[in-house]
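Chemist: What follows is structure_39.csv, made up of CSV, C-alpha atoms:
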```csv
chain,number,residue,atom,x,y,z
A,1,MET,CA,-41.4,-41.3,16.1
A,2,GLU,CA,-43.5,-40.3,19.2
A,3,ASP,CA,-43.0,-36.7,18.1
A,4,ALA,CA,-42.8,-37.1,14.4
A,5,PHE,CA,-42.3,-34.2,12.0
A,6,ASN,CA,-45.2,-34.6,9.5
A,7,LEU,CA,-44.7,-33.0,6.1
A,8,ALA,CA,-46.7,-33.6,3.0
A,9,GLY,CA,-48.0,-36.9,4.1
A,10,ALA,CA,-44.6,-38.3,5.3
A,11,SER,CA,-43.2,-38.6,8.8
A,12,TYR,CA,-39.6,-37.8,9.8
A,13,ARG,CA,-37.7,-38.1,13.0
A,14,SER,CA,-35.5,-35.1,12.3
A,15,ARG,CA,-36.8,-31.5,12.2
A,16,LEU,CA,-33.5,-30.2,10.8
A,17,ILE,CA,-33.3,-29.8,7.0
A,18,VAL,CA,-29.9,-29.1,5.6
A,19,GLY,CA,-28.6,-27.7,2.3
A,20,THR,CA,-25.7,-29.0,0.2
A,21,GLY,CA,-23.9,-25.9,-1.0
A,22,LYS,CA,-20.6,-24.3,0.1
A,23,TYR,CA,-18.9,-27.5,1.3
A,24,LYS,CA,-15.4,-28.4,0.3
A,25,GLY,CA,-16.7,-31.4,-1.6
A,26,PHE,CA,-19.4,-34.0,-1.8
A,27,ALA,CA,-17.7,-36.2,0.8
A,28,GLU,CA,-17.8,-33.4,3.4
A,29,THR,CA,-21.4,-32.7,2.4
A,30,ARG,CA,-22.3,-36.3,3.1
A,31,LYS,CA,-20.5,-36.4,6.4
A,32,ALA,CA,-22.2,-33.2,7.7
A,33,ILE,CA,-25.6,-34.5,6.7
A,34,GLU,CA,-25.0,-37.8,8.5
A,35,VAL,CA,-23.8,-36.0,11.7
A,36,ALA,CA,-26.7,-33.6,11.5
A,37,GLY,CA,-29.2,-36.5,11.5
A,38,ALA,CA,-31.1,-34.8,8.7
A,39,GLU,CA,-33.5,-36.8,6.6
A,40,ILE,CA,-34.5,-34.0,4.2
A,41,VAL,CA,-31.7,-32.6,2.1
A,42,THR,CA,-32.2,-29.6,-0.1
A,43,VAL,CA,-30.2,-29.1,-3.3
A,44,ALA,CA,-29.9,-26.1,-5.6
A,45,VAL,CA,-30.7,-27.6,-9.0
A,46,ARG,CA,-28.8,-24.7,-10.8
A,47,ARG,CA,-25.6,-25.1,-8.7
A,48,VAL,CA,-25.3,-28.7,-7.6
A,49,ASN,CA,-25.5,-31.5,-10.2
A,50,ILE,CA,-28.4,-34.0,-9.5
A,51,THR,CA,-29.7,-34.2,-13.1
A,52,ASP,CA,-26.7,-35.2,-15.3
A,53,PRO,CA,-25.6,-38.8,-14.6
A,54,ASN,CA,-22.5,-38.3,-16.8
A,55,LYS,CA,-20.9,-35.8,-14.4
A,56,GLU,CA,-20.0,-36.1,-10.7
A,57,ASN,CA,-23.4,-36.3,-9.1
A,58,LEU,CA,-24.4,-35.5,-5.5
A,59,LEU,CA,-26.8,-38.5,-5.6
A,60,ASP,CA,-23.8,-40.8,-5.9
A,61,TYR,CA,-23.0,-39.7,-2.3
A,62,LEU,CA,-26.6,-39.4,-0.9
A,63,ASP,CA,-28.9,-42.4,-1.2
A,64,PRO,CA,-32.3,-41.2,-2.3
A,65,LYS,CA,-33.8,-44.3,-0.5
A,66,LYS,CA,-32.3,-42.9,2.8
A,67,TYR,CA,-32.9,-39.2,2.2
A,68,THR,CA,-35.7,-37.1,0.8
A,69,ILE,CA,-34.0,-35.0,-1.8
A,70,LEU,CA,-35.6,-31.5,-1.9
A,71,PRO,CA,-34.7,-29.7,-5.1
A,72,ASN,CA,-34.7,-25.9,-4.7
A,73,THR,CA,-34.8,-23.0,-7.2
A,74,ALA,CA,-31.9,-21.0,-5.7
A,75,GLY,CA,-30.6,-18.6,-8.3
A,76,CYS,CA,-34.0,-18.0,-9.9
A,77,TYR,CA,-35.2,-14.4,-10.3
A,78,THR,CA,-38.5,-14.9,-12.1
A,79,ALA,CA,-41.5,-17.2,-11.7
A,80,ASP,CA,-40.8,-18.7,-15.1
A,81,GLU,CA,-37.2,-19.6,-14.2
A,82,ALA,CA,-38.4,-21.2,-10.9
A,83,VAL,CA,-41.1,-23.2,-12.6
A,84,ARG,CA,-38.7,-24.5,-15.3
A,85,THR,CA,-36.2,-25.5,-12.7
A,86,CYS,CA,-38.8,-27.5,-10.8
A,87,ARG,CA,-39.9,-29.2,-14.0
A,88,LEU,CA,-36.3,-30.1,-14.8
A,89,ALA,CA,-35.8,-31.7,-11.4
A,90,ARG,CA,-39.0,-33.7,-11.9
A,91,GLU,CA,-38.0,-34.9,-15.3
A,92,ALA,CA,-34.7,-36.1,-13.8
A,93,GLY,CA,-36.8,-38.3,-11.4
A,94,VAL,CA,-35.6,-36.5,-8.3
A,95,ALA,CA,-38.9,-35.5,-6.5
A,96,LYS,CA,-42.2,-33.7,-6.7
A,97,MET,CA,-41.6,-31.9,-3.5
A,98,VAL,CA,-39.7,-28.7,-4.1
A,99,LYS,CA,-38.4,-25.7,-2.3
A,100,LEU,CA,-39.6,-22.6,-4.2
A,101,GLU,CA,-37.2,-19.7,-4.0
A,102,VAL,CA,-37.6,-16.6,-6.3
A,103,ILE,CA,-35.0,-14.0,-5.4
A,104,GLY,CA,-35.9,-10.3,-5.8
A,105,ASP,CA,-32.6,-8.6,-5.0
A,106,ASP,CA,-29.0,-9.5,-5.4
A,107,LYS,CA,-27.8,-7.6,-2.3
A,108,THR,CA,-30.3,-8.8,0.3
A,109,LEU,CA,-31.5,-12.0,-1.4
A,110,PHE,CA,-34.9,-11.3,-0.1
A,111,PRO,CA,-37.7,-13.2,-1.9
A,112,ASP,CA,-39.8,-11.6,-4.7
A,113,ILE,CA,-43.2,-12.2,-3.2
A,114,PRO,CA,-45.4,-11.5,-6.2
A,115,ALA,CA,-43.2,-13.9,-8.3
A,116,THR,CA,-43.3,-16.5,-5.6
A,117,LEU,CA,-47.1,-16.4,-5.4
A,118,GLU,CA,-47.3,-16.7,-9.2
A,119,ALA,CA,-44.9,-19.6,-9.4
A,120,ALA,CA,-46.6,-21.3,-6.4
A,121,LYS,CA,-50.0,-21.2,-8.1
A,122,ILE,CA,-48.6,-22.9,-11.3
A,123,LEU,CA,-46.6,-25.5,-9.4
A,124,VAL,CA,-49.4,-26.5,-7.1
A,125,LYS,CA,-51.7,-26.8,-10.1
A,126,GLU,CA,-49.1,-29.1,-11.8
A,127,GLY,CA,-49.0,-31.4,-8.8
A,128,PHE,CA,-45.8,-30.3,-7.1
A,129,VAL,CA,-45.6,-30.3,-3.3
A,130,VAL,CA,-44.4,-26.7,-2.8
A,131,LEU,CA,-42.4,-25.3,0.2
A,132,PRO,CA,-42.0,-21.6,-0.5
A,133,TYR,CA,-39.2,-19.4,0.9
A,134,ILE,CA,-40.7,-16.1,2.1
A,135,ASN,CA,-40.1,-13.1,4.2
A,136,ASP,CA,-41.5,-13.0,7.7
A,137,ASP,CA,-44.8,-11.7,6.6
A,138,PRO,CA,-48.0,-13.3,8.0
A,139,ILE,CA,-50.1,-12.1,5.1
A,140,THR,CA,-47.8,-13.8,2.5
A,141,ALA,CA,-47.7,-16.9,4.6
A,142,LYS,CA,-51.5,-17.1,4.7
A,143,LYS,CA,-51.8,-16.5,0.9
A,144,LEU,CA,-49.4,-19.3,0.1
A,145,GLN,CA,-51.1,-21.6,2.6
A,146,ASP,CA,-54.4,-20.9,0.9
A,147,ILE,CA,-52.9,-21.6,-2.5
A,148,GLY,CA,-52.1,-25.1,-1.4
A,149,CYS,CA,-48.5,-25.0,-0.4
A,150,ALA,CA,-47.5,-27.9,1.9
A,151,ALA,CA,-45.6,-25.6,4.3
A,152,VAL,CA,-44.4,-22.0,4.6
A,153,MET,CA,-40.8,-21.1,5.2
A,154,PRO,CA,-40.3,-17.6,6.6
A,155,LEU,CA,-36.7,-16.3,6.9
A,156,ALA,CA,-35.2,-15.7,10.3
A,157,ALA,CA,-32.8,-13.1,8.7
A,158,PRO,CA,-31.2,-12.6,5.2
A,159,ILE,CA,-29.7,-15.7,3.6
A,160,GLY,CA,-26.2,-16.5,5.0
A,161,SER,CA,-26.3,-13.6,7.4
A,162,GLY,CA,-26.2,-15.7,10.6
A,163,LEU,CA,-28.2,-13.0,12.5
A,164,GLY,CA,-30.8,-15.4,13.9
A,165,ILE,CA,-34.5,-14.6,14.2
A,166,ARG,CA,-34.8,-10.8,13.8
A,167,ASN,CA,-38.6,-10.5,14.1
A,168,PRO,CA,-39.9,-13.2,16.5
A,169,TYR,CA,-43.3,-11.4,16.7
A,170,ASN,CA,-44.1,-11.9,13.1
A,171,ILE,CA,-43.0,-15.5,13.3
A,172,ARG,CA,-45.4,-15.9,16.2
A,173,ILE,CA,-48.3,-14.6,14.2
A,174,ILE,CA,-47.4,-16.9,11.3
A,175,LEU,CA,-47.4,-19.8,13.8
A,176,GLU,CA,-50.8,-18.8,15.2
A,177,GLN,CA,-52.6,-18.8,11.9
A,178,ALA,CA,-50.8,-21.7,10.2
A,179,THR,CA,-52.6,-24.9,9.3
A,180,VAL,CA,-49.4,-26.2,7.6
A,181,PRO,CA,-45.9,-26.7,9.0
A,182,VAL,CA,-43.8,-23.6,9.6
A,183,ILE,CA,-40.1,-24.1,8.8
A,184,VAL,CA,-37.7,-21.3,9.6
A,185,ASP,CA,-35.5,-20.9,6.5
A,186,ALA,CA,-32.4,-18.7,6.2
A,187,GLY,CA,-30.4,-16.6,8.7
A,188,VAL,CA,-29.6,-19.1,11.4
A,189,GLY,CA,-26.1,-18.7,12.6
A,190,THR,CA,-25.5,-21.1,15.5
A,191,ALA,CA,-27.2,-23.7,17.6
A,192,SER,CA,-28.9,-21.3,19.9
A,193,ASP,CA,-30.7,-19.7,16.9
A,194,ALA,CA,-32.1,-23.1,15.9
A,195,ALA,CA,-33.1,-23.8,19.5
A,196,ILE,CA,-35.0,-20.5,19.7
A,197,ALA,CA,-36.9,-21.2,16.5
A,198,MET,CA,-38.0,-24.6,17.9
A,199,GLU,CA,-38.8,-23.2,21.3
A,200,MET,CA,-41.2,-20.8,19.6
A,201,GLY,CA,-43.1,-23.8,18.1
A,202,CYS,CA,-41.7,-23.9,14.6
A,203,ASP,CA,-42.0,-27.3,13.0
A,204,GLY,CA,-38.5,-27.3,11.6
A,205,VAL,CA,-35.4,-25.4,10.7
A,206,LEU,CA,-33.6,-25.3,7.3
A,207,MET,CA,-30.0,-24.2,7.0
A,208,ASN,CA,-26.9,-24.4,4.9
A,209,THR,CA,-24.3,-21.7,5.4
A,210,ALA,CA,-24.5,-21.9,9.2
A,211,ILE,CA,-23.1,-25.5,8.9
A,212,ALA,CA,-21.0,-25.4,5.7
A,213,GLY,CA,-19.4,-22.0,6.5
A,214,ALA,CA,-18.4,-22.9,10.1
A,215,LYS,CA,-14.7,-23.5,10.9
A,216,ASP,CA,-15.6,-27.1,11.7
A,217,PRO,CA,-18.7,-28.0,9.6
A,218,ILE,CA,-19.0,-31.5,11.1
A,219,LEU,CA,-18.9,-30.3,14.7
A,220,MET,CA,-21.4,-27.5,13.8
A,221,ALA,CA,-23.7,-30.1,12.2
A,222,GLU,CA,-23.7,-32.0,15.5
A,223,ALA,CA,-24.4,-28.8,17.5
A,224,MET,CA,-27.3,-27.9,15.2
A,225,ARG,CA,-28.9,-31.3,15.6
A,226,GLN,CA,-28.7,-31.0,19.4
A,227,GLY,CA,-30.0,-27.4,19.3
A,228,VAL,CA,-33.0,-28.4,17.3
A,229,GLU,CA,-33.7,-31.3,19.5
A,230,ALA,CA,-33.3,-29.3,22.7
A,231,GLY,CA,-35.5,-26.5,21.4
A,232,ARG,CA,-38.3,-28.9,20.4
A,233,LYS,CA,-38.2,-30.6,23.8
A,234,ALA,CA,-38.3,-27.2,25.6
A,235,PHE,CA,-41.4,-26.3,23.5
A,236,LEU,CA,-43.1,-29.5,24.4
A,237,ALA,CA,-42.2,-29.2,28.0
A,238,GLY,CA,-43.7,-25.7,28.3
A,239,ARG,CA,-41.4,-23.0,29.7
A,240,ILE,CA,-42.2,-21.0,32.9
A,241,ALA,CA,-43.7,-17.6,32.5
A,242,LYS,CA,-41.4,-14.6,32.5
A,243,LYS,CA,-41.7,-12.4,35.5
A,244,LEU,CA,-40.3,-9.0,36.5
A,245,TYR,CA,-39.6,-10.0,40.1
A,246,ALA,CA,-38.2,-13.0,41.8
A,247,THR,CA,-40.2,-16.0,42.9
A,248,ALA,CA,-38.8,-18.2,45.7
A,249,SER,CA,-37.9,-21.6,44.4
A,250,SER,CA,-38.3,-23.2,47.8
A,251,PRO,CA,-41.6,-22.9,49.7
A,252,LEU,CA,-41.7,-20.6,52.7
A,253,GLU,CA,-44.0,-22.8,54.8
A,254,GLY,CA,-42.4,-24.7,57.7
A,255,ILE,CA,-39.4,-22.3,58.0
A,256,LEU,CA,-38.2,-22.1,61.6
A,257,GLY,CA,-38.4,-18.6,63.0
```
Rewrite the structure of this file - the entire thing - as structure tokens.
Modeler:
Amino acid sequence: MEDAFNLAGASYRSRLIVGTGKYKGFAETRKAIEVAGAEIVTVAVRRVNITDPNKENLLDYLDPKKYTILPNTAGCYTADEAVRTCRLAREAGVAKMVKLEVIGDDKTLFPDIPATLEAAKILVKEGFVVLPYINDDPITAKKLQDIGCAAVMPLAAPIGSGLGIRNPYNIRIILEQATVPVIVDAGVGTASDAAIAMEMGCDGVLMNTAIAGAKDPILMAEAMRQGVEAGRKAFLAGRIAKKLYATASSPLEGILG
């Protein structure tokens, strides 16, 4: 815990947050989460059962004492839908920390920012710990931070696209002005994408499709864990400056003529 990930008053060893959709079944979901080393697991309340104990329930496979269950509002297209979904999760006793996701467009799955801001204001006022999914816009990130969100979660690229970080310059600006954790959410495709996000100084990375959609989800979960860890260590170590021309790696002094 020397380099703990601090989020909403809690400390975590892992900076990799994983989703629970698109797996072959709950058993594979559990195995991937274990191999990824994740401690925070996000669940789409509208798509994965965590509220009805009379049906097969993901929480039968994931111990809430071991994992922080992060309900999310995937599939919500209005602020009202998102707020209702969060309240449902809280009534089921899952958690007060929620991933807020209000989709504005079926094709791109980009967030509806005005609706996200509206929902965030309501949820923060009601005592929820809000982690909003947003586009890579520094102004939106600042507004949500000022509202009282516990983190901001800019996308790297469209959900499920696997394109990696498309606009590192905006992410850098978000990082410069952030007073809350910055978690890259959506668009990661492989371990190097996760490493790049961490090398930039992001506090964490959230992903689902990149692991669940891989040919071997369990092996990819391990790769993602290692990518996040390596990227974080590289950030802390401090990379060398980029230069146009070569610099000798061995000193020239003492060379025999």
Chemist: Could you pull the residues within 7 Å of Val228 of chain A, counting only C-alpha atoms, minus those fewer than 5 positions along the same chain, as a PDB file with C-alpha atoms, in the coordinates of the input?
Modeler:
```
ATOM      1  CA  LEU A  16     -33.500 -30.200  10.800  1.00  0.00           C
ATOM      2  CA  ALA A 194     -32.100 -23.100  15.900  1.00  0.00           C
ATOM      3  CA  ALA A 195     -33.100 -23.800  19.500  1.00  0.00           C
ATOM      4  CA  MET A 198     -38.000 -24.600  17.900  1.00  0.00           C
TER       5      MET A 198
END
```
Chemist: Tell me, in Å to one decimal, how far atom CA of Thr140 of chain A is from atom CA of Val188 of chain A.
Modeler: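 So the two atoms, atom CA of Thr140 of chain A and atom CA of Val188 of chain A, lie 20.9 Å apart.
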Chemist: What's the separation between atom CA of Gly21 of chain A and atom CA of Ala178 of chain A, in Å to one decimal place?
Modeler: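 Between these atoms lies a distance of 29.4 Å.
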Chemist: Show which residues sit within 9 Å of Glu222 of chain A, as a list in words. Count all atoms listed in the file, and ignore same-chain residues fewer than 4 positions away.
Modeler: Ala32, Val35, Ala36, Gly37, Pro217, Ile218, Gln226 and Gly227 of chain A
Chemist: Could you check how far atom CA of Ala151 of chain A sits from atom CA of Glu126 of chain A, in Å to one decimal?
Modeler: 16.8 Å
Chemist: Looking at A:Glu2, A:Gly75, A:Ala8, A:Leu70, which one is nearest to Gly148 of chain A, with distances taken over only C-alpha atoms?
Modeler: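 Distance minimum relative to Gly148 of chain A lands on A:Ala8.
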Chemist: Between A:Leu244, A:Val18, A:Val43, A:Ala186, which has the minimum distance to Arg225 of chain A (counting only C-alpha atoms)?
Modeler: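 Closest residue, counting only C-alpha atoms: A:Val18.
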Chemist: Identify which of the residues A:Tyr61, A:Phe26, A:Tyr77, A:Tyr67 lies closest to Glu39 of chain A, counting all atoms listed in the file when measuring atom-to-atom distances.
Modeler: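 Nearest to Glu39 of chain A: A:Tyr67.
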Chemist: Excluding Asn49 of chain A and its own-chain neighbours fewer than 4 positions away, which residues fall within 7 Å of it when counting all atoms listed in the file? Please give them as a ChimeraX atom specification.
Modeler: /A:45,57-58
Chemist: Which residue, A:Glu118, A:Asp203, A:Glu91, A:Glu229, has the smallest gap to Pro154 of chain A when you use only C-alpha atoms?
Modeler: A:Asp203
Chemist: Got a sec: who's within 8 Å of Thr42 of chain A, counting only C-alpha atoms, leaving out chain neighbours fewer than 2 positions off, as a list in words?
Modeler: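 In the requested form, the answer reads Ile17, Val18, Gly19, Thr20, Ile40, Ala44, Ile69, Leu70, Pro71, Asn72 and Lys99 of chain A.
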Chemist: Which residue out of A:Met224, A:Ile240, A:Val184, A:Leu7 has the minimum interatomic distance to Tyr133 of chain A when only C-alpha atoms are used?
Modeler: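 Among the listed residues, the smallest separation from Tyr133 of chain A belongs to A:Val184.
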Chemist: Out of A:Asp185, A:Ala234, A:Ala223, A:Arg47, which residue has the shortest atom-to-atom distance to Gly201 of chain A when counting only C-alpha atoms?
Modeler: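 That would be A:Ala234, the residue with the smallest distance to Gly201 of chain A.
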